[in-house]
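As provided, model.csv (CSV, C-alpha atoms) reads as follows.
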chain,number,residue,atom,x,y,z
A,1255,MET,CA,18.2,-30.3,32.2
A,1256,LEU,CA,20.3,-28.0,34.4
A,1257,PRO,CA,18.6,-25.8,37.0
A,1258,ILE,CA,18.0,-22.3,35.8
A,1259,TRP,CA,20.3,-20.7,38.5
A,1260,THR,CA,23.2,-22.9,37.3
A,1261,ILE,CA,22.7,-21.7,33.8
A,1262,TRP,CA,22.6,-18.1,35.0
A,1263,LEU,CA,25.8,-18.6,37.0
A,1264,TRP,CA,27.9,-20.8,34.7
A,1265,GLY,CA,26.1,-20.9,31.4
A,1266,ARG,CA,25.4,-24.1,29.5
A,1267,ASN,CA,29.1,-24.9,29.2
A,1268,PRO,CA,30.9,-24.0,32.5
A,1269,ARG,CA,34.4,-24.6,30.9
A,1270,VAL,CA,33.7,-22.1,28.1
A,1271,THR,CA,32.3,-19.6,30.6
A,1272,LEU,CA,35.4,-19.9,32.8
A,1273,TRP,CA,37.7,-19.3,29.8
A,1274,ARG,CA,35.6,-16.3,28.8
A,1275,ALA,CA,35.7,-14.9,32.3
A,1276,LEU,CA,39.5,-15.4,32.5
A,1277,ALA,CA,39.9,-13.8,29.1
A,1278,LEU,CA,37.7,-10.8,30.0
A,1279,GLY,CA,39.4,-10.4,33.3
A,1280,ALA,CA,42.8,-10.4,31.6
A,1281,LEU,CA,41.5,-7.9,29.0
A,1282,PHE,CA,40.1,-5.5,31.6
A,1283,TYR,CA,43.3,-5.8,33.7
A,1284,VAL,CA,45.5,-4.9,30.7
A,1285,LEU,CA,43.3,-2.1,29.6
A,1286,GLY,CA,43.0,-0.7,33.1
A,1287,ARG,CA,46.7,-1.0,33.8
A,1288,PHE,CA,48.2,0.2,30.6
A,1289,ALA,CA,45.5,2.2,28.7
A,1290,PHE,CA,42.4,3.4,30.6
A,1291,PRO,CA,42.9,3.3,34.3
A,1292,PRO,CA,40.0,4.1,36.5
A,1293,VAL,CA,40.7,7.3,38.4
A,1294,HIS,CA,39.3,8.1,41.8
A,1295,VAL,CA,39.5,11.8,42.4
A,1296,SER,CA,40.6,12.8,45.9
A,1297,GLY,CA,40.7,16.4,46.8
A,1298,MET,CA,39.1,19.6,45.6
A,1299,SER,CA,41.7,21.2,43.4
A,1300,MET,CA,39.7,20.5,40.2
A,1301,GLU,CA,36.4,21.8,41.6
A,1302,PRO,CA,34.0,22.7,40.0
A,1303,THR,CA,34.9,20.7,36.9
A,1304,ILE,CA,35.6,17.5,38.8
A,1305,HIS,CA,34.3,16.9,42.3
A,1306,ASP,CA,36.0,15.3,45.3
A,1307,GLY,CA,35.3,11.6,45.3
A,1308,ALA,CA,34.3,11.4,41.6
A,1309,TRP,CA,35.3,8.5,39.4
A,1310,ARG,CA,36.8,9.1,35.9
A,1311,LEU,CA,38.5,7.0,33.3
A,1312,GLY,CA,42.1,8.0,32.5
A,1313,ASN,CA,43.7,7.7,29.0
A,1314,LYS,CA,47.3,6.8,29.0
A,1315,LEU,CA,47.4,6.7,25.2
A,1316,LYS,CA,46.2,10.2,24.7
A,1317,PHE,CA,49.6,11.9,24.4
A,1318,LEU,CA,51.5,9.1,22.7
A,1319,GLN,CA,51.0,10.6,19.3
A,1320,ARG,CA,50.7,14.3,20.1
A,1321,GLU,CA,51.6,16.8,22.7
A,1322,PRO,CA,49.2,18.2,25.3
A,1323,GLU,CA,47.4,21.4,24.4
A,1324,ARG,CA,46.3,24.4,26.5
A,1325,GLY,CA,43.1,23.8,28.4
A,1326,GLU,CA,43.4,20.0,28.4
A,1327,LEU,CA,43.2,17.9,31.5
A,1328,VAL,CA,46.3,15.8,32.2
A,1329,MET,CA,47.4,13.2,34.7
A,1330,VAL,CA,50.7,14.1,36.3
A,1331,ARG,CA,52.7,11.3,37.7
A,1332,MET,CA,53.6,11.3,41.4
A,1333,ALA,CA,55.5,8.0,42.0
A,1334,GLY,CA,55.0,4.7,40.3
A,1335,TRP,CA,52.0,4.4,38.0
A,1336,ARG,CA,48.9,4.4,40.2
A,1337,ALA,CA,48.7,7.8,41.8
A,1338,PHE,CA,48.4,11.0,39.8
A,1339,TYR,CA,47.7,14.7,40.1
A,1340,LEU,CA,44.8,15.8,37.9
A,1341,LYS,CA,45.5,19.2,36.5
A,1342,ARG,CA,44.8,21.5,33.5
A,1343,VAL,CA,47.5,22.7,31.1
A,1344,LEU,CA,47.7,26.5,31.2
A,1345,ALA,CA,50.9,27.2,29.4
A,1346,LEU,CA,53.0,25.3,26.8
A,1347,PRO,CA,56.8,25.0,26.5
A,1348,GLY,CA,58.4,28.3,25.6
A,1349,GLU,CA,55.4,30.4,26.5
A,1350,THR,CA,55.3,33.1,29.2
A,1351,ILE,CA,52.6,32.8,31.8
A,1352,ALA,CA,51.4,35.3,34.3
A,1353,PHE,CA,48.4,35.9,36.6
A,1354,SER,CA,47.2,39.4,37.3
A,1355,ASN,CA,44.3,39.6,39.8
A,1356,GLY,CA,43.3,36.1,38.8
A,1357,VAL,CA,43.4,36.8,35.1
A,1358,LEU,CA,45.5,34.4,33.1
A,1359,LEU,CA,47.9,36.0,30.6
A,1360,ILE,CA,49.9,33.9,28.1
A,1361,ASN,CA,52.6,35.8,26.3
A,1362,GLY,CA,51.0,39.0,27.6
A,1363,ARG,CA,47.6,38.2,26.2
A,1364,VAL,CA,44.5,37.6,28.3
A,1365,GLN,CA,43.2,34.1,28.0
A,1366,ALA,CA,39.5,33.1,28.5
A,1367,GLU,CA,39.0,30.3,30.9
A,1368,PRO,CA,35.4,29.1,30.5
A,1369,TYR,CA,35.8,26.2,32.9
A,1370,LEU,CA,36.1,28.6,35.9
A,1371,ARG,CA,33.1,29.3,38.0
A,1372,CYS,CA,34.6,31.8,40.4
A,1373,GLY,CA,37.1,34.6,40.2
A,1374,SER,CA,40.4,34.6,42.1
A,1375,ALA,CA,43.2,36.8,43.2
A,1376,TRP,CA,46.0,34.8,41.9
A,1377,GLN,CA,49.1,36.8,41.2
A,1378,LEU,CA,52.1,35.4,39.3
A,1379,PRO,CA,54.9,37.5,37.7
A,1380,ALA,CA,55.7,36.7,34.1
A,1381,THR,CA,57.3,33.3,34.0
A,1382,ARG,CA,58.8,31.6,31.0
A,1383,VAL,CA,58.0,27.9,30.8
A,1384,PRO,CA,61.2,26.0,29.9
A,1385,LEU,CA,61.3,23.8,26.9
A,1386,GLY,CA,60.1,20.3,27.7
A,1387,GLU,CA,57.9,21.5,30.5
A,1388,TYR,CA,54.3,22.7,31.0
A,1389,PHE,CA,52.5,24.9,33.5
A,1390,VAL,CA,49.6,23.1,35.1
A,1391,ALA,CA,47.0,24.1,37.7
A,1392,GLY,CA,43.7,23.0,39.1
A,1393,ASP,CA,40.4,24.7,38.3
A,1394,ASN,CA,39.7,25.6,42.0
A,1395,ARG,CA,40.9,29.2,42.1
A,1396,ALA,CA,39.2,29.8,45.4
A,1397,VAL,CA,42.3,28.2,46.9
A,1398,PRO,CA,45.2,30.7,47.1
A,1399,LEU,CA,48.0,30.0,44.7
A,1400,ALA,CA,50.4,29.5,47.5
A,1401,ALA,CA,48.3,26.6,48.9
A,1402,HIS,CA,47.5,25.2,45.4
A,1403,LYS,CA,49.6,22.5,43.8
A,1404,ALA,CA,50.3,24.4,40.6
A,1405,GLY,CA,53.4,25.0,38.6
A,1406,LEU,CA,55.8,23.5,36.1
A,1407,THR,CA,55.9,19.8,35.3
A,1408,ARG,CA,58.1,17.9,32.9
A,1409,ARG,CA,56.6,16.4,29.8
A,1410,GLY,CA,57.8,13.0,30.9
A,1411,ASP,CA,55.7,13.3,34.1
A,1412,ILE,CA,52.5,13.8,32.1
A,1413,ALA,CA,51.2,10.2,32.1
A,1414,GLY,CA,48.1,10.8,30.0
A,1415,GLY,CA,44.7,12.6,29.9
A,1416,LEU,CA,41.2,11.7,30.7
A,1417,LEU,CA,39.0,9.6,28.5
A,1418,TRP,CA,35.9,10.7,30.4
B,1361,MET,CA,43.1,-30.8,24.5
B,1362,VAL,CA,44.0,-27.2,23.7
B,1363,ASN,CA,42.3,-26.1,27.0
B,1364,LYS,CA,44.5,-28.6,28.9
B,1365,VAL,CA,47.7,-27.3,27.3
B,1366,LEU,CA,46.6,-23.7,28.1
B,1367,LEU,CA,45.8,-24.6,31.6
B,1368,VAL,CA,49.2,-26.3,32.1
B,1369,LEU,CA,50.9,-23.3,30.6
B,1370,LEU,CA,49.0,-20.9,32.8
B,1371,VAL,CA,49.7,-22.8,36.0
B,1372,GLY,CA,53.3,-23.4,35.1
B,1373,GLY,CA,53.8,-19.7,34.3
B,1374,ALA,CA,52.1,-18.7,37.6
B,1375,LEU,CA,54.4,-21.1,39.5
B,1376,TRP,CA,57.5,-19.8,37.7
B,1377,LEU,CA,56.5,-16.1,38.5
B,1378,GLY,CA,55.9,-17.0,42.1
B,1379,ALA,CA,59.2,-18.7,42.5
B,1380,TRP,CA,61.0,-15.8,40.8
B,1381,TRP,CA,59.3,-13.4,43.1
B,1382,TRP,CA,60.0,-15.3,46.3
B,1383,LEU,CA,63.4,-16.6,45.6
B,1384,GLY,CA,64.8,-14.0,43.3
B,1385,GLY,CA,67.2,-11.1,44.0
B,1386,ASP,CA,64.3,-8.7,44.6
B,1387,ARG,CA,63.7,-10.0,48.1
B,1388,GLU,CA,65.7,-7.2,49.6
B,1389,LEU,CA,63.7,-4.6,47.7
B,1390,LYS,CA,60.6,-6.2,49.1
B,1391,LYS,CA,62.1,-5.8,52.6
B,1392,ILE,CA,62.5,-2.1,51.9
B,1393,VAL,CA,58.9,-1.8,50.7
B,1394,ARG,CA,57.8,-3.5,53.9
B,1395,GLN,CA,59.9,-1.1,55.9
B,1396,SER,CA,58.2,1.9,54.3
B,1397,ASP,CA,54.8,0.3,55.2
B,1398,ARG,CA,55.9,-0.2,58.8
B,1399,LEU,CA,57.0,3.4,59.0
B,1400,ALA,CA,53.7,4.7,57.7
B,1401,ALA,CA,51.9,2.5,60.3
B,1402,ALA,CA,54.2,3.7,63.1
B,1403,LEU,CA,53.3,7.3,62.3
B,1404,HIS,CA,49.6,6.6,62.7
B,1405,LYS,CA,47.9,8.3,65.5
B,1406,ALA,CA,44.2,7.6,66.0
B,1407,PRO,CA,41.8,10.4,67.2
B,1408,GLY,CA,41.7,10.3,71.0
B,1409,ASN,CA,45.0,8.5,71.4
B,1410,GLY,CA,46.7,9.9,74.5
B,1411,LEU,CA,50.4,10.3,75.0
B,1412,LEU,CA,50.8,6.9,76.6
B,1413,GLY,CA,53.8,5.1,75.2
B,1414,LEU,CA,54.9,8.2,73.2
B,1415,ALA,CA,58.5,7.7,74.1
B,1416,THR,CA,58.5,4.1,72.8
B,1417,ARG,CA,56.6,5.1,69.7
B,1418,THR,CA,58.9,7.9,68.8
B,1419,ARG,CA,62.0,5.7,69.4
B,1420,GLU,CA,60.4,3.1,67.1
B,1421,ILE,CA,59.9,5.9,64.4
B,1422,ALA,CA,63.5,7.1,64.8
B,1423,ASP,CA,64.8,3.5,64.3
B,1424,PHE,CA,63.7,3.7,60.7
B,1425,PHE,CA,66.3,6.4,60.1
B,1426,ALA,CA,70.1,6.3,59.8
B,1427,HIS,CA,72.3,7.9,62.5
B,1428,GLN,CA,73.2,10.7,60.1
B,1429,ALA,CA,69.9,10.9,58.3
B,1430,GLN,CA,69.3,14.0,56.2
B,1431,ILE,CA,65.5,14.6,56.0
B,1432,THR,CA,63.6,17.5,54.4
B,1433,PRO,CA,59.9,16.6,55.3
B,1434,GLY,CA,58.5,19.9,53.9
B,1435,GLU,CA,56.6,22.8,55.5
B,1436,PRO,CA,55.9,23.3,58.3
B,1437,LEU,CA,58.5,20.8,59.6
B,1438,PRO,CA,62.2,21.9,59.6
B,1439,ALA,CA,65.1,20.0,57.9
B,1440,LEU,CA,66.6,17.3,60.1
B,1441,HIS,CA,70.2,16.2,60.2
B,1442,SER,CA,70.3,13.2,62.5
B,1443,ARG,CA,68.3,10.4,64.0
B,1444,GLU,CA,68.1,12.4,67.3
B,1445,GLU,CA,66.5,15.3,65.5
B,1446,VAL,CA,64.0,12.9,63.9
B,1447,LEU,CA,63.2,11.6,67.3
B,1448,GLY,CA,62.6,15.1,68.7
B,1449,VAL,CA,60.4,16.2,65.8
B,1450,ALA,CA,58.4,13.0,65.8
B,1451,ALA,CA,57.7,13.4,69.5
B,1452,SER,CA,56.7,17.1,69.2
B,1453,THR,CA,54.5,16.4,66.1
B,1454,LEU,CA,52.7,13.4,67.7
B,1455,GLN,CA,52.1,15.6,70.8
B,1456,ALA,CA,50.8,18.5,68.8
B,1457,VAL,CA,48.3,16.7,66.5
B,1458,SER,CA,45.1,15.0,67.6
B,1459,SER,CA,45.2,12.5,64.7
B,1460,LEU,CA,47.7,11.6,62.0
B,1461,GLU,CA,47.4,9.1,59.2
B,1462,VAL,CA,50.0,8.5,56.5
B,1463,LYS,CA,48.7,6.6,53.4
B,1464,ILE,CA,51.2,5.4,50.8
B,1465,LEU,CA,49.5,6.0,47.5
B,1466,ASP,CA,52.2,4.7,45.2
B,1467,ARG,CA,56.0,4.0,45.1
B,1468,GLU,CA,58.8,2.8,43.0
B,1469,VAL,CA,62.1,1.4,44.2
B,1470,SER,CA,65.3,0.6,42.5
B,1471,TRP,CA,68.9,-0.2,43.4
B,1472,VAL,CA,71.5,2.6,43.5
B,1473,ARG,CA,74.1,0.0,44.6
B,1474,PRO,CA,72.7,-3.5,44.6
B,1475,GLN,CA,72.0,-4.9,48.1
B,1476,GLU,CA,73.5,-1.8,49.7
B,1477,GLU,CA,71.6,1.3,48.7
B,1478,ALA,CA,68.2,1.8,47.1
B,1479,ALA,CA,66.3,4.8,45.8
B,1480,MET,CA,62.6,5.0,46.4
B,1481,ARG,CA,60.1,7.5,45.0
B,1482,LEU,CA,57.1,7.6,47.4
B,1483,ALA,CA,53.7,9.3,46.9
B,1484,VAL,CA,51.9,9.8,50.2
B,1485,GLU,CA,48.7,11.3,51.5
B,1486,VAL,CA,48.9,12.7,55.0
B,1487,LEU,CA,45.7,13.3,56.9
B,1488,VAL,CA,46.3,15.4,59.9
B,1489,GLN,CA,44.0,16.9,62.5
B,1490,ALA,CA,45.3,19.6,64.8
B,1491,HIS,CA,43.6,22.4,66.8
B,1492,GLY,CA,40.2,21.3,65.4
B,1493,GLU,CA,41.3,21.7,61.8
B,1494,ARG,CA,41.6,18.7,59.4
B,1495,GLN,CA,44.1,18.9,56.6
B,1496,LYS,CA,45.0,16.6,53.7
B,1497,LEU,CA,48.5,16.9,52.2
B,1498,LEU,CA,49.8,15.2,49.1
B,1499,HIS,CA,53.5,14.8,48.8
B,1500,THR,CA,56.1,13.0,46.7
B,1501,TYR,CA,59.4,12.1,48.4
B,1502,ALA,CA,62.7,10.9,47.1
B,1503,VAL,CA,64.0,8.5,49.7
B,1504,ASN,CA,67.4,6.8,49.9
B,1505,TRP,CA,67.6,3.6,51.9
B,1506,ILE,CA,70.8,2.1,53.2
B,1507,ARG,CA,71.7,-1.0,55.1
B,1508,GLU,CA,72.8,-0.1,58.7
B,1509,GLU,CA,73.3,-2.8,61.3
B,1510,GLU,CA,71.6,-5.3,59.1
B,1511,ARG,CA,68.5,-3.2,58.8
B,1512,TRP,CA,67.2,-1.0,56.0
B,1513,VAL,CA,67.0,2.6,57.2
B,1514,ILE,CA,66.4,5.9,55.6
B,1515,ALA,CA,69.6,7.9,54.8
B,1516,THR,CA,68.0,10.8,53.0
B,1517,ALA,CA,64.5,11.9,52.3
B,1518,GLN,CA,63.4,15.0,50.5
B,1519,ILE,CA,60.4,16.5,48.8
B,1520,ALA,CA,60.5,15.6,45.1
B,1521,GLU,CA,57.3,17.0,43.6
B,1522,SER,CA,56.6,16.4,39.9
B,1523,ILE,CA,54.8,19.8,39.9
B,1524,ARG,CA,57.2,22.6,41.1
B,1525,ARG,CA,56.8,26.2,41.7
B,1526,PRO,CA,58.5,28.5,39.2
B,1527,ASP,CA,61.6,30.3,40.5
B,1528,SER,CA,60.7,33.6,42.2
B,1529,SER,CA,62.9,35.4,39.6
B,1530,GLY,CA,60.2,34.6,37.1
B,1531,GLN,CA,62.5,32.5,34.9
Encoding of this model in structure tokens:
Amino acid sequence: MLPIWTIWLWGRNPRVTLWRALALGALFYVLGRFAFPPVHVSGMSMEPTIHDGAWRLGNKLKFLQREPERGELVMVRMAGWRAFYLKRVLALPGETIAFSNGVLLINGRVQAEPYLRCGSAWQLPATRVPLGEYFVAGDNRAVPLAAHKAGLTRRGDIAGGLLW
Amino acid sequence: MVNKVLLVLLVGGALWLGAWWWLGGDRELKKIVRQSDRLAAALHKAPGNGLLGLATRTREIADFFAHQAQITPGEPLPALHSREEVLGVAASTLQAVSSLEVKILDREVSWVRPQEEAAMRLAVEVLVQAHGERQKLLHTYAVNWIREEERWVIATAQIAESIRRPDSSGQ
């Protein structure tokens, strides 16, 4: 009869437990690396939707079968495949985006942004988004547009969305 | 029996990968990666660090750059066109800030001309404290490394953000 702590630690059959642990480790590595990477948010550009220091789960498979839509959160590639900007899609390819006293206009029409908590004074002249590109920005409009990492990004640099 | 075969395959595969990594043609790329780590470490200035050894430190930083280096570090720093200019800006920056930390978040490196020139894309987080204000900057750089006097040095570096401002013309 094995001591109870040994059973807790290794199970009744340590070899099977070891193989299970290895298989689980490999599964989590593959899922985390290629499909659902854990995302540690650094910075306040997505406040108040996502706070500085929060943990989320990315989803690299999200836009394999379809294109990002307006209002969706996307991970924008920096370099390599571990660090990303987390932004919201505001304008799609071919659309014209503008900000007038913080109000978002797409093709000249006012867009509701229910995810915002505070107003802003963002100003942007009408800008056409080139084909194959998206206009992305963070939710923290308290930061002036000039100091905010917002603008055009290529479709190829959108690495995925958020699972949660 | 199956377990033993799997174990042998796993160990053999790991050994083969290790040998490929250590002995393969990518050793020079690893040297370049290590150079970028060393540069980030050389730029570090802890809070309260005085100016002791500043000249040595800035020369050490400048040694990471080619004689005719073309560097665009981004605002508020000016564009630089030689190792001497890098040395000058490094000295004045380290004097002006009370602390500086450069963290490499991610990078990818590939050959432009094998064993002679490599292109690196580098994502960095810069934490800087100056005049009582603390700032966190995120930047992506496109860096070209060349071999000069048997060392890997930076020939060009410029901001290469994946999110860019629209042209002021509005188009």
Skipping near chain neighbours, those fewer than 3 positions away, what residues fall within 12 Å of Arg1394 in chain B using all atoms listed in the file, listed as a compact mmCIF listing (two decimals) with C-alpha atoms, in the frame of the given file?
# COMPACT_ATOMS: atom_id res chain seq x y z
CA ARG B 1387 63.70 -10.00 48.10
CA GLU B 1388 65.70 -7.20 49.60
CA LEU B 1389 63.70 -4.60 47.70
CA LYS B 1390 60.60 -6.20 49.10
CA LYS B 1391 62.10 -5.80 52.60
CA ASP B 1397 54.80 0.30 55.20
CA ARG B 1398 55.90 -0.20 58.80
CA LEU B 1399 57.00 3.40 59.00
CA ALA B 1400 53.70 4.70 57.70
CA ALA B 1401 51.90 2.50 60.30
CA PHE B 1424 63.70 3.70 60.70
CA ILE B 1464 51.20 5.40 50.80
CA ARG B 1467 56.00 4.00 45.10
CA VAL B 1469 62.10 1.40 44.20
CA ARG B 1511 68.50 -3.20 58.80
CA TRP B 1512 67.20 -1.00 56.00
CA VAL B 1513 67.00 2.60 57.20
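You will find CA of Thr1432 in chain B at 26.1 Å from CA of Leu1378 in chain A.
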With distances taken over only C-alpha atoms, which residue among B:Ala1415, B:Leu1440, B:Ala1379, B:Ala1502 lies nearest His1427 in chain B? B:Leu1440
Measure the distance from CA of Glu1323 in chain A to CA of Phe1389 in chain A in Å and round it to one decimal. 11.0 Å
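Distance-wise, CA of Gln1495 in chain B and CA of Pro1436 in chain B end up 12.7 Å apart.
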For chain B, which residue among A:Ala1366, A:Ala1345, A:Ala1333, A:Ala1413 is the nearest when counting all atoms listed in the file?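 Looking at the shortest contact to chain B, the residue is A:Ala1333.
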Hey, which bits of chain A sit within 7 Å of chain B, and for each residue what's the closest pair of atoms and how far apart in Å (one decimal), counting all atoms listed in the file, rows by chain and increasing number, as a tab-separated table?
residue	atom	partner	partner_atom	distance
A:Arg1331	CA	B:Ser1522	CA	6.8
A:Met1332	CA	B:Ala1483	CA	5.9
A:Ala1333	CA	B:Arg1467	CA	5.1
A:Gly1334	CA	B:Arg1467	CA	5.0
A:Arg1336	CA	B:Asp1466	CA	6.0
A:Ala1337	CA	B:Asp1466	CA	5.8
A:Pro1379	CA	B:Gly1530	CA	6.1
A:Ala1380	CA	B:Gly1530	CA	5.8
A:Thr1381	CA	B:Gly1530	CA	4.4
A:Arg1382	CA	B:Gln1531	CA	5.5
A:Ala1404	CA	B:Ile1523	CA	6.5
A:Gly1405	CA	B:Arg1525	CA	4.8
A:Leu1406	CA	B:Arg1524	CA	5.3
A:Thr1407	CA	B:Ile1523	CA	4.7
A:Asp1411	CA	B:Ser1522	CA	6.6
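Of the listed residues (B:Val1371, B:Val1393, B:Ala1451, B:Ile1506), B:Ala1451 comes nearest to Arg1419 in chain B; the distances count only C-alpha atoms.
Remark: for Gly1392 in chain A, the closest of the candidate residues A:Leu1318, A:Leu1340, A:Ala1289, A:Ile1258 is A:Leu1340 (distances computed over all atoms listed in the file).
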Which is closest to Pro1384 in chain A among A:Pro1347, A:Gly1307, A:Gly1356, A:Gly1265, if we use only C-alpha atoms?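 The shortest atom-to-atom distance to Pro1384 in chain A comes from A:Pro1347.
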For Thr1453 in chain B, please output as a list in words all residues within 12 Å (counting all atoms listed in the file; exclusion window: fewer than 3 positions along the same chain). Leu1403, His1404, Lys1405, Leu1411, Leu1414, Thr1418, Ile1421, Pro1436, Leu1437, Pro1438, Val1446, Leu1447, Gly1448, Val1449, Ala1450, Ala1456, Val1457, Ser1458, Ser1459, Leu1460, Val1488, Gln1489 and Ala1490 of chain B
Give me the residues near Trp1471 in chain B as a list in words, where near means some atom within 10 Å (using only C-alpha atoms) and where sequence neighbours in that chain fewer than 4 positions away do not count. Asp1386, Glu1388, Leu1389, Gln1475, Glu1476, Glu1477, Ala1478, Ala1479, Met1480, Asn1504 and Trp1505 of chain B
In the coordinate frame of the file, compute which residues have an atom within 12 Å of (38.9, 23.8, 26.1) when using only C-alpha atoms, and state them as a PDB file with C-alpha atoms, in the frame of the given file.
ATOM      1  CA  THR A1303      34.900  20.700  36.900  1.00  0.00           C
ATOM      2  CA  PRO A1322      49.200  18.200  25.300  1.00  0.00           C
ATOM      3  CA  GLU A1323      47.400  21.400  24.400  1.00  0.00           C
ATOM      4  CA  ARG A1324      46.300  24.400  26.500  1.00  0.00           C
ATOM      5  CA  GLY A1325      43.100  23.800  28.400  1.00  0.00           C
ATOM      6  CA  GLU A1326      43.400  20.000  28.400  1.00  0.00           C
ATOM      7  CA  LEU A1327      43.200  17.900  31.500  1.00  0.00           C
ATOM      8  CA  ARG A1342      44.800  21.500  33.500  1.00  0.00           C
ATOM      9  CA  VAL A1343      47.500  22.700  31.100  1.00  0.00           C
ATOM     10  CA  LEU A1344      47.700  26.500  31.200  1.00  0.00           C
ATOM     11  CA  GLN A1365      43.200  34.100  28.000  1.00  0.00           C
ATOM     12  CA  ALA A1366      39.500  33.100  28.500  1.00  0.00           C
ATOM     13  CA  GLU A1367      39.000  30.300  30.900  1.00  0.00           C
ATOM     14  CA  PRO A1368      35.400  29.100  30.500  1.00  0.00           C
ATOM     15  CA  TYR A1369      35.800  26.200  32.900  1.00  0.00           C
ATOM     16  CA  LEU A1370      36.100  28.600  35.900  1.00  0.00           C
TER      17      LEU A1370
END
Which one is closest to Gln1518 in chain B: B:Glu1444, B:Glu1435, B:Glu1461, B:Glu1493? Count only C-alpha atoms. B:Glu1435
May I have the residues within 7 Å of Ser1354 in chain A as an MDAnalysis selection string, using all atoms listed in the file and disregarding those fewer than 4 positions away in the same chain? chainID A and resid 1358 1376:1378
Residues just named, written with C-alpha atoms as a PDB file, in the coordinates of the input:
ATOM      1  CA  LEU A1358      45.500  34.400  33.100  1.00  0.00           C
ATOM      2  CA  TRP A1376      46.000  34.800  41.900  1.00  0.00           C
ATOM      3  CA  GLN A1377      49.100  36.800  41.200  1.00  0.00           C
ATOM      4  CA  LEU A1378      52.100  35.400  39.300  1.00  0.00           C
TER       5      LEU A1378
END
